[in-house]
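Pasted below: my_file_24.txt, compact mmCIF, C-alpha atoms and all ligand atoms.
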```txt
# COMPACT_ATOMS: atom_id res chain seq x y z
CA SER Y 1 -46.43 -18.52 -83.54
CA PRO Y 2 -45.55 -17.56 -79.97
CA ARG Y 3 -42.08 -16.54 -81.15
CA HIS Y 4 -43.69 -13.62 -82.93
CA ALA Y 5 -45.81 -12.50 -80.00
CA PRO Y 6 -46.08 -8.72 -79.73
CA GLY Y 7 -43.46 -7.10 -77.54
CA ARG Y 8 -41.05 -9.94 -77.94
CA HIS Y 9 -37.67 -9.20 -79.44
CA ARG Y 10 -36.97 -10.71 -82.81
CA THR Y 11 -34.24 -13.29 -82.41
CA ALA Y 12 -31.63 -14.17 -85.00
CA GLN Y 13 -33.69 -17.27 -85.64
CA ASP Y 14 -36.73 -15.19 -86.57
CA ALA Y 15 -34.65 -13.01 -88.84
CA GLU Y 16 -33.49 -16.01 -90.81
CA GLY Y 17 -36.94 -17.51 -90.82
CA PHE Y 18 -35.79 -20.97 -89.85
CA ARG Y 19 -35.68 -22.98 -86.70
CA ARG Y 20 -32.41 -24.69 -85.98
CA ASP Y 21 -31.81 -27.28 -83.31
CA ALA Y 22 -29.99 -26.22 -80.19
CA LYS Y 23 -26.60 -27.86 -79.78
CA LYS Y 24 -26.59 -29.65 -76.50
CA HIS Y 25 -22.82 -30.04 -76.31
CA LEU Y 26 -22.49 -26.25 -76.49
CA GLY Y 27 -24.92 -25.75 -73.62
CA GLN Y 28 -27.44 -24.05 -75.87
CA ASN Y 29 -30.55 -23.20 -73.87
CA PHE Y 30 -31.92 -20.04 -75.39
CA LEU Y 31 -33.70 -17.54 -73.16
CA GLN Y 32 -37.27 -16.88 -74.24
CA ASP Y 33 -39.01 -15.18 -71.32
CA PRO Y 34 -39.21 -11.41 -72.00
CA GLY Y 35 -39.75 -10.70 -68.28
CA VAL Y 36 -36.53 -12.50 -67.33
CA ILE Y 37 -34.63 -10.79 -70.15
CA ALA Y 38 -35.86 -7.37 -68.97
CA LYS Y 39 -34.81 -8.16 -65.38
CA ILE Y 40 -31.30 -9.08 -66.51
CA VAL Y 41 -30.91 -5.88 -68.55
CA LEU Y 42 -32.19 -3.88 -65.56
CA ALA Y 43 -29.67 -5.61 -63.26
CA ILE Y 44 -26.82 -4.84 -65.66
CA ASP Y 45 -28.03 -1.23 -65.96
CA PRO Y 46 -25.71 -0.17 -68.82
CA GLN Y 47 -24.27 3.32 -68.46
CA PRO Y 48 -22.87 5.56 -71.21
CA GLY Y 49 -19.26 4.66 -71.93
CA ASP Y 50 -19.50 1.11 -70.52
CA ARG Y 51 -17.69 -1.55 -72.52
CA ILE Y 52 -19.99 -4.53 -72.35
CA VAL Y 53 -18.80 -7.95 -73.50
CA GLU Y 54 -21.28 -10.80 -73.80
CA ILE Y 55 -20.24 -14.44 -73.57
CA GLY Y 56 -22.33 -16.77 -75.77
CA PRO Y 57 -24.86 -14.42 -77.42
CA GLY Y 58 -26.58 -17.38 -79.11
CA GLN Y 59 -29.61 -16.09 -81.00
CA GLY Y 60 -29.42 -12.69 -79.37
CA ALA Y 61 -31.93 -12.98 -76.52
CA LEU Y 62 -29.81 -10.64 -74.38
CA THR Y 63 -27.74 -9.13 -77.16
CA LEU Y 64 -30.56 -7.33 -78.98
CA PRO Y 65 -32.18 -5.74 -75.89
CA LEU Y 66 -28.70 -4.72 -74.67
CA LEU Y 67 -27.98 -3.13 -78.06
CA ASP Y 68 -31.32 -1.31 -77.86
CA ARG Y 69 -30.30 0.09 -74.47
CA HIS Y 70 -26.62 0.67 -75.08
CA GLY Y 71 -26.00 0.99 -78.82
CA ALA Y 72 -22.79 -1.04 -78.95
CA LEU Y 73 -21.56 -4.36 -77.64
CA ALA Y 74 -18.91 -7.01 -78.19
CA ALA Y 75 -19.88 -10.67 -78.04
CA ILE Y 76 -17.90 -13.92 -78.05
CA GLU Y 77 -19.65 -16.88 -79.70
CA PHE Y 78 -18.09 -20.26 -80.40
CA ASP Y 79 -20.80 -21.63 -82.69
CA ARG Y 80 -20.05 -20.51 -86.27
CA ASP Y 81 -23.56 -21.37 -87.42
CA LEU Y 82 -24.99 -18.60 -85.24
CA LEU Y 83 -22.79 -15.77 -86.46
CA VAL Y 84 -24.43 -14.77 -89.73
CA PRO Y 85 -28.03 -14.79 -88.47
CA LEU Y 86 -26.99 -12.99 -85.29
CA ALA Y 87 -25.09 -10.28 -87.16
CA ALA Y 88 -28.10 -9.83 -89.47
CA ALA Y 89 -30.53 -9.55 -86.58
CA ALA Y 90 -28.29 -7.11 -84.71
CA ARG Y 91 -27.92 -4.63 -87.57
CA SER Y 92 -31.16 -2.78 -86.83
CA HIS Y 93 -30.42 -2.65 -83.06
CA GLY Y 94 -26.89 -1.26 -82.86
CA THR Y 95 -23.22 -2.00 -83.40
CA LEU Y 96 -22.34 -5.59 -82.56
CA THR Y 97 -18.69 -6.67 -82.68
CA LEU Y 98 -18.74 -10.45 -82.95
CA LEU Y 99 -15.75 -12.58 -82.02
CA ASN Y 100 -15.89 -16.19 -83.20
CA ALA Y 101 -13.84 -17.84 -80.45
CA ASN Y 102 -13.82 -20.14 -77.50
CA VAL Y 103 -14.25 -17.76 -74.57
CA LEU Y 104 -11.57 -19.69 -72.67
CA ASP Y 105 -9.03 -18.56 -75.28
CA VAL Y 106 -10.00 -14.89 -75.06
CA ASP Y 107 -7.71 -12.52 -73.21
CA PHE Y 108 -10.21 -10.24 -71.45
CA SER Y 109 -7.38 -7.84 -70.61
CA ALA Y 110 -7.00 -7.07 -74.33
CA LEU Y 111 -10.70 -6.34 -74.96
CA GLY Y 112 -11.34 -3.06 -73.20
CA GLY Y 113 -8.28 -1.03 -74.09
CA ASP Y 114 -7.64 1.12 -71.03
CA ALA Y 115 -11.14 0.65 -69.66
CA GLN Y 116 -12.38 -2.25 -67.58
CA ILE Y 117 -15.01 -4.38 -69.28
CA ARG Y 118 -18.40 -5.46 -67.99
CA LEU Y 119 -18.91 -9.16 -68.69
CA VAL Y 120 -22.41 -10.54 -69.13
CA GLY Y 121 -23.85 -13.82 -70.31
CA ASN Y 122 -26.23 -16.68 -70.04
CA LEU Y 123 -23.36 -19.13 -69.80
CA PRO Y 124 -23.07 -22.63 -71.25
CA TYR Y 125 -23.53 -24.56 -67.97
CA ASN Y 126 -21.06 -27.29 -68.92
CA LEU Y 127 -18.31 -24.64 -68.88
CA SER Y 128 -19.41 -22.61 -65.83
CA SER Y 129 -16.40 -23.31 -63.59
CA PRO Y 130 -13.72 -22.95 -66.31
CA ILE Y 131 -15.29 -19.65 -67.41
CA LEU Y 132 -15.45 -18.36 -63.81
CA PHE Y 133 -11.81 -19.27 -63.15
CA HIS Y 134 -10.77 -17.78 -66.50
CA ALA Y 135 -12.50 -14.54 -65.48
CA LEU Y 136 -10.71 -14.58 -62.11
CA ASP Y 137 -7.39 -14.79 -63.98
CA HIS Y 138 -8.34 -11.50 -65.67
CA ALA Y 139 -10.13 -9.94 -62.71
CA ALA Y 140 -8.16 -6.68 -62.93
CA ALA Y 141 -9.55 -6.09 -66.43
CA ILE Y 142 -13.18 -6.64 -65.37
CA ARG Y 143 -15.40 -4.13 -63.63
CA ASP Y 144 -18.26 -6.51 -62.96
CA MET Y 145 -19.99 -9.64 -64.23
CA HIS Y 146 -23.65 -10.63 -64.55
CA PHE Y 147 -24.05 -14.30 -65.30
CA MET Y 148 -26.91 -16.75 -65.61
CA LEU Y 149 -25.76 -20.06 -64.16
CA GLN Y 150 -27.15 -23.23 -62.74
CA LYS Y 151 -28.82 -22.24 -59.44
CA GLU Y 152 -26.82 -24.85 -57.56
CA VAL Y 153 -23.56 -23.28 -58.83
CA VAL Y 154 -24.67 -19.83 -57.68
CA GLU Y 155 -25.46 -21.32 -54.25
CA ARG Y 156 -21.96 -22.82 -54.09
CA MET Y 157 -20.38 -19.52 -55.16
CA ALA Y 158 -22.19 -17.56 -52.44
CA ALA Y 159 -22.04 -20.17 -49.63
CA ALA Y 160 -20.75 -19.28 -46.16
CA PRO Y 161 -18.38 -21.41 -44.03
CA GLY Y 162 -20.18 -24.32 -42.38
CA SER Y 163 -22.66 -24.66 -45.24
CA LYS Y 164 -22.85 -28.04 -46.93
CA VAL Y 165 -22.05 -26.48 -50.30
CA TYR Y 166 -19.19 -24.25 -49.09
CA GLY Y 167 -16.10 -25.32 -51.03
CA ARG Y 168 -13.34 -24.40 -53.44
CA LEU Y 169 -15.65 -22.39 -55.70
CA SER Y 170 -16.97 -20.35 -52.72
CA VAL Y 171 -13.51 -19.52 -51.37
CA MET Y 172 -11.91 -18.73 -54.73
CA LEU Y 173 -14.80 -16.56 -55.94
CA GLN Y 174 -15.31 -14.73 -52.65
CA ALA Y 175 -11.57 -14.07 -52.23
CA TYR Y 176 -11.49 -12.13 -55.48
CA CYS Y 177 -15.06 -10.85 -55.87
CA ALA Y 178 -18.12 -9.64 -54.02
CA VAL Y 179 -20.72 -12.30 -54.91
CA THR Y 180 -24.39 -11.27 -54.99
CA PRO Y 181 -27.09 -13.74 -56.10
CA LEU Y 182 -29.86 -11.68 -57.74
CA PHE Y 183 -32.82 -13.89 -58.70
CA ASN Y 184 -33.77 -17.41 -59.71
CA VAL Y 185 -35.01 -18.41 -63.15
CA PRO Y 186 -37.16 -21.53 -63.82
CA PRO Y 187 -36.42 -24.00 -66.65
CA GLY Y 188 -39.52 -22.82 -68.56
CA ALA Y 189 -37.82 -19.49 -69.33
CA PHE Y 190 -35.55 -21.24 -71.85
CA ARG Y 191 -35.94 -23.25 -75.01
CA PRO Y 192 -35.03 -26.03 -74.86
CA ALA Y 193 -35.69 -26.07 -71.11
CA PRO Y 194 -32.67 -27.15 -69.08
CA LYS Y 195 -33.13 -29.91 -66.50
CA VAL Y 196 -32.01 -27.62 -63.67
CA ASP Y 197 -33.06 -24.35 -62.07
CA SER Y 198 -31.03 -21.29 -62.94
CA ALA Y 199 -30.04 -18.09 -61.18
CA VAL Y 200 -28.51 -14.74 -62.08
CA VAL Y 201 -25.51 -13.62 -60.05
CA ARG Y 202 -23.50 -10.40 -59.88
CA LEU Y 203 -19.73 -10.57 -59.31
CA VAL Y 204 -17.70 -7.45 -58.59
CA PRO Y 205 -13.93 -8.05 -58.55
CA ARG Y 206 -12.21 -6.54 -55.53
CA VAL Y 207 -9.42 -4.02 -55.92
CA ALA Y 208 -6.17 -6.05 -56.07
CA ALA Y 209 -4.61 -4.20 -53.13
CA ASP Y 210 -7.62 -5.03 -50.90
CA ILE Y 211 -7.48 -8.77 -51.48
CA GLY Y 212 -4.27 -9.35 -49.54
CA ILE Y 213 -3.17 -12.56 -51.25
CA ASP Y 214 0.65 -12.58 -51.51
CA ASP Y 215 0.96 -15.47 -53.96
CA PRO Y 216 -2.17 -16.25 -56.01
CA ALA Y 217 -0.86 -19.62 -57.25
CA GLY Y 218 0.03 -20.69 -53.69
CA PHE Y 219 -3.36 -19.56 -52.41
CA ALA Y 220 -5.13 -21.58 -55.12
CA GLN Y 221 -3.03 -24.61 -54.21
CA VAL Y 222 -3.90 -24.40 -50.50
CA VAL Y 223 -7.63 -24.06 -51.23
CA ARG Y 224 -7.56 -26.93 -53.72
CA ALA Y 225 -5.71 -29.22 -51.28
CA ALA Y 226 -7.96 -28.31 -48.34
CA PHE Y 227 -11.17 -29.19 -50.19
CA GLY Y 228 -9.66 -32.01 -52.23
CA GLN Y 229 -10.05 -34.19 -49.18
CA ARG Y 230 -12.75 -32.34 -47.34
CA ARG Y 231 -13.54 -35.13 -44.92
CA LYS Y 232 -9.99 -35.19 -43.60
CA THR Y 233 -8.72 -32.86 -40.90
CA LEU Y 234 -6.85 -29.82 -42.17
CA ARG Y 235 -3.49 -31.19 -41.06
CA ASN Y 236 -3.97 -34.32 -43.17
CA ALA Y 237 -5.61 -32.65 -46.14
CA LEU Y 238 -2.82 -30.06 -46.29
CA SER Y 239 0.13 -32.39 -45.79
CA GLY Y 240 2.84 -31.27 -48.22
CA VAL Y 241 1.20 -27.84 -48.56
CA ALA Y 242 1.14 -26.53 -44.98
CA ASP Y 243 2.39 -28.04 -41.73
CA GLY Y 244 1.16 -27.99 -38.15
CA ALA Y 245 3.32 -25.01 -37.24
CA MET Y 246 1.78 -22.95 -40.04
CA LEU Y 247 -1.73 -23.90 -38.99
CA GLU Y 248 -0.89 -22.81 -35.46
CA ALA Y 249 0.68 -19.56 -36.68
CA ALA Y 250 -2.51 -18.87 -38.64
CA GLY Y 251 -4.53 -19.46 -35.47
CA LEU Y 252 -6.17 -22.60 -36.88
CA ARG Y 253 -6.73 -25.95 -35.16
CA ALA Y 254 -5.03 -28.88 -36.88
CA ASP Y 255 -8.18 -30.96 -36.38
CA ALA Y 256 -10.41 -28.34 -38.01
CA ARG Y 257 -11.96 -29.11 -41.38
CA ALA Y 258 -11.74 -27.03 -44.54
CA GLU Y 259 -15.43 -26.17 -44.55
CA GLN Y 260 -15.06 -24.37 -41.20
CA LEU Y 261 -12.41 -21.92 -42.44
CA SER Y 262 -13.37 -18.44 -43.59
CA VAL Y 263 -11.94 -16.89 -46.73
CA ALA Y 264 -9.75 -14.70 -44.48
CA ASP Y 265 -8.45 -17.85 -42.73
CA PHE Y 266 -7.39 -19.32 -46.09
CA ILE Y 267 -5.66 -16.10 -47.09
CA ARG Y 268 -3.81 -15.87 -43.74
CA LEU Y 269 -2.68 -19.49 -44.00
CA ALA Y 270 -1.54 -19.22 -47.63
CA ASN Y 271 0.40 -16.05 -46.87
CA LEU Y 272 2.50 -17.95 -44.31
CA ARG Y 273 3.99 -20.05 -47.07
CA THR Y 274 7.17 -18.92 -48.74
CA PRO Y 275 6.47 -18.56 -52.45
CA ALA Y 276 8.30 -21.14 -54.57
N1 LIG Y 301 -27.27 -15.75 -74.74
C1 LIG Y 301 -28.14 -16.71 -75.42
C2 LIG Y 301 -29.46 -16.76 -74.71
O1 LIG Y 301 -29.53 -16.30 -73.55
O2 LIG Y 301 -30.43 -17.25 -75.28
C3 LIG Y 301 -27.51 -18.10 -75.49
C4 LIG Y 301 -27.15 -18.73 -74.16
S1 LIG Y 301 -26.70 -20.43 -74.26
C5 LIG Y 301 -27.05 -20.93 -72.61
C6 LIG Y 301 -24.92 -20.45 -74.25
C7 LIG Y 301 -24.23 -19.87 -75.49
O3 LIG Y 301 -22.82 -19.99 -75.34
C8 LIG Y 301 -24.58 -20.59 -76.79
O4 LIG Y 301 -24.85 -19.64 -77.77
C9 LIG Y 301 -23.32 -21.38 -77.13
O5 LIG Y 301 -23.13 -21.61 -78.51
C10 LIG Y 301 -22.24 -20.49 -76.54
N2 LIG Y 301 -21.00 -21.18 -76.20
C11 LIG Y 301 -20.84 -22.47 -75.78
N3 LIG Y 301 -19.56 -22.74 -75.52
C12 LIG Y 301 -18.86 -21.59 -75.78
C13 LIG Y 301 -17.48 -21.23 -75.71
N4 LIG Y 301 -16.56 -22.10 -75.30
N5 LIG Y 301 -17.11 -19.97 -76.05
C14 LIG Y 301 -18.05 -19.06 -76.44
N6 LIG Y 301 -19.37 -19.35 -76.53
C15 LIG Y 301 -19.77 -20.59 -76.21
```
What does this structure look like when you write it as structure tokens?
Amino acid sequence: SPRHAPGRHRTAQDAEGFRRDAKKHLGQNFLQDPGVIAKIVLAIDPQPGDRIVEIGPGQGALTLPLLDRHGALAAIEFDRDLLVPLAAAARSHGTLTLLNANVLDVDFSALGGDAQIRLVGNLPYNLSSPILFHALDHAAAIRDMHFMLQKEVVERMAAAPGSKVYGRLSVMLQAYCAVTPLFNVPPGAFRPAPKVDSAVVRLVPRVAADIGIDDPAGFAQVVRAAFGQRRKTLRNALSGVADGAMLEAAGLRADARAEQLSVADFIRLANLRTPA
């Protein structure tokens, strides 16, 4: 069987000798392509002492090669059915600390002790945005992130002002992180194959002092309001959140539209508000 092709890592599924169905509602598309897996491990480039935390290890497609490289790893998996076969498969590769939890309930700040963690994962695409925003909430505890996501989401994350896909996700991610798209991955690299193209992205949280956002909740509110009604002018979209005088003080035209504002513009505007 092709799953036992030479050079391919044994997955948890192989170890158990059975083939289980992927759970669609958990976004289970398991990586199969050894070339793609090797590229991801190379991009992560684990260094001695790194505390790597994987989100959604699944059957171990990334977990086992990372253990081979790094020796130890923590991983957060929601699907109970995967835990026993994954732990069994991992034993001969290194020390895997498995957490059976919903990643959205995990406090990343508590995972690394004093050290920042490095987050990695081929994410469940149905939870991409919640996971990204959850990570932003814990940005100070994270050194960097390497995620496989839907290609269209990576394009939105990295988009520049004026682009059709520039929006809330672009501004929020870029305000807190350096966003670097790395490479695209076709559906055929997974089993089952997703309906969409995928891409791997690197996120490096900025140092808090360099970000310059006075009130994170207020900033998030301004960005949400601005893009909530993206076809309206800024003055109308932001009514109740920022007034004409604030737009003027920020050097912005009241008839401008949200998609024309840079991340720095949003930060300047939000900082003019008095925190509640
Ligand atoms: N890393 C594996 C791979 O590359 O083959 C699996 C990736 S699969 C796209 C997403 C994984 O995330 C699945 O194993 C799924 O069970 C898990 N998952 C889904 N929702 C989750 C959640 N809320 N918390 C933690 N893991 C979750």
Fill in: Among listed residues Y:Arg191, Y:His70, Y:His138, Y:Arg91, nearest ligand LIG 301 (chain Y) (using all atoms listed in the file)
Y:Arg191
Worksheet item: Any idea what the distance is between atom CA of Y:Gln174 and atom CA of Y:Gln150?
Response: 17.7 Å
Worksheet item: Can you tell me which residues sit at most 8 Å away from ligand LIG 301 (chain Y), counting only C-alpha atoms and all ligand atoms, written as a PyMOL selection string?
Response: chain Y and resi 23+25-32+54-63+76-79+82+100-104+121-125+127+190
Item to complete: May I ask which of the residues Y:Arg231, Y:Lys151, Y:His134, Y:Arg202 is the closest one to Y:Gly167, counting all atoms listed in the file?
Response: Y:Arg231
Worksheet item: Restricting the calculation to all atoms listed in the file, which member of Y:Ala264, Y:Val153, Y:Ala270, Y:Ala38 is positioned closest to Y:Ile211?
Response: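 Nearest candidate to Y:Ile211 out of Y:Ala264, Y:Val153, Y:Ala270, Y:Ala38: Y:Ala264.
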Worksheet, complete the sentence: note - atom CA of Y:Lys24 and atom CA of Y:Ser198 are separated by 16.5 Å
Discussion item. When you look at Y:Asp114 with a cut-off of 12 Å (counting all atoms listed in the file), what residues show up, excluding the ones that are within fewer than 5 positions of it in the same chain? I need them as a PyMOL selection string.
Written reply: chain Y and resi 50-51+108-109+140-143
Discussion item. Between atom CA of Y:Leu169 and atom CA of Y:Met157, what is the distance in Å, rounded to a tenth?
Written reply: 5.6 Å
Practice prompt. Return the single residue from Y:Ala256, Y:Ala217, Y:Val200, Y:Leu111 that is closest to Y:Pro186, with distances computed using only C-alpha atoms.
Written response: Y:Val200
Worksheet entry | For Y:Arg230: contacts at 9 Å, all atoms listed in the file, fewer than 5 positions along chain excluded, given as a PyMOL selection string | chain Y and resi 167+225+237+257-259
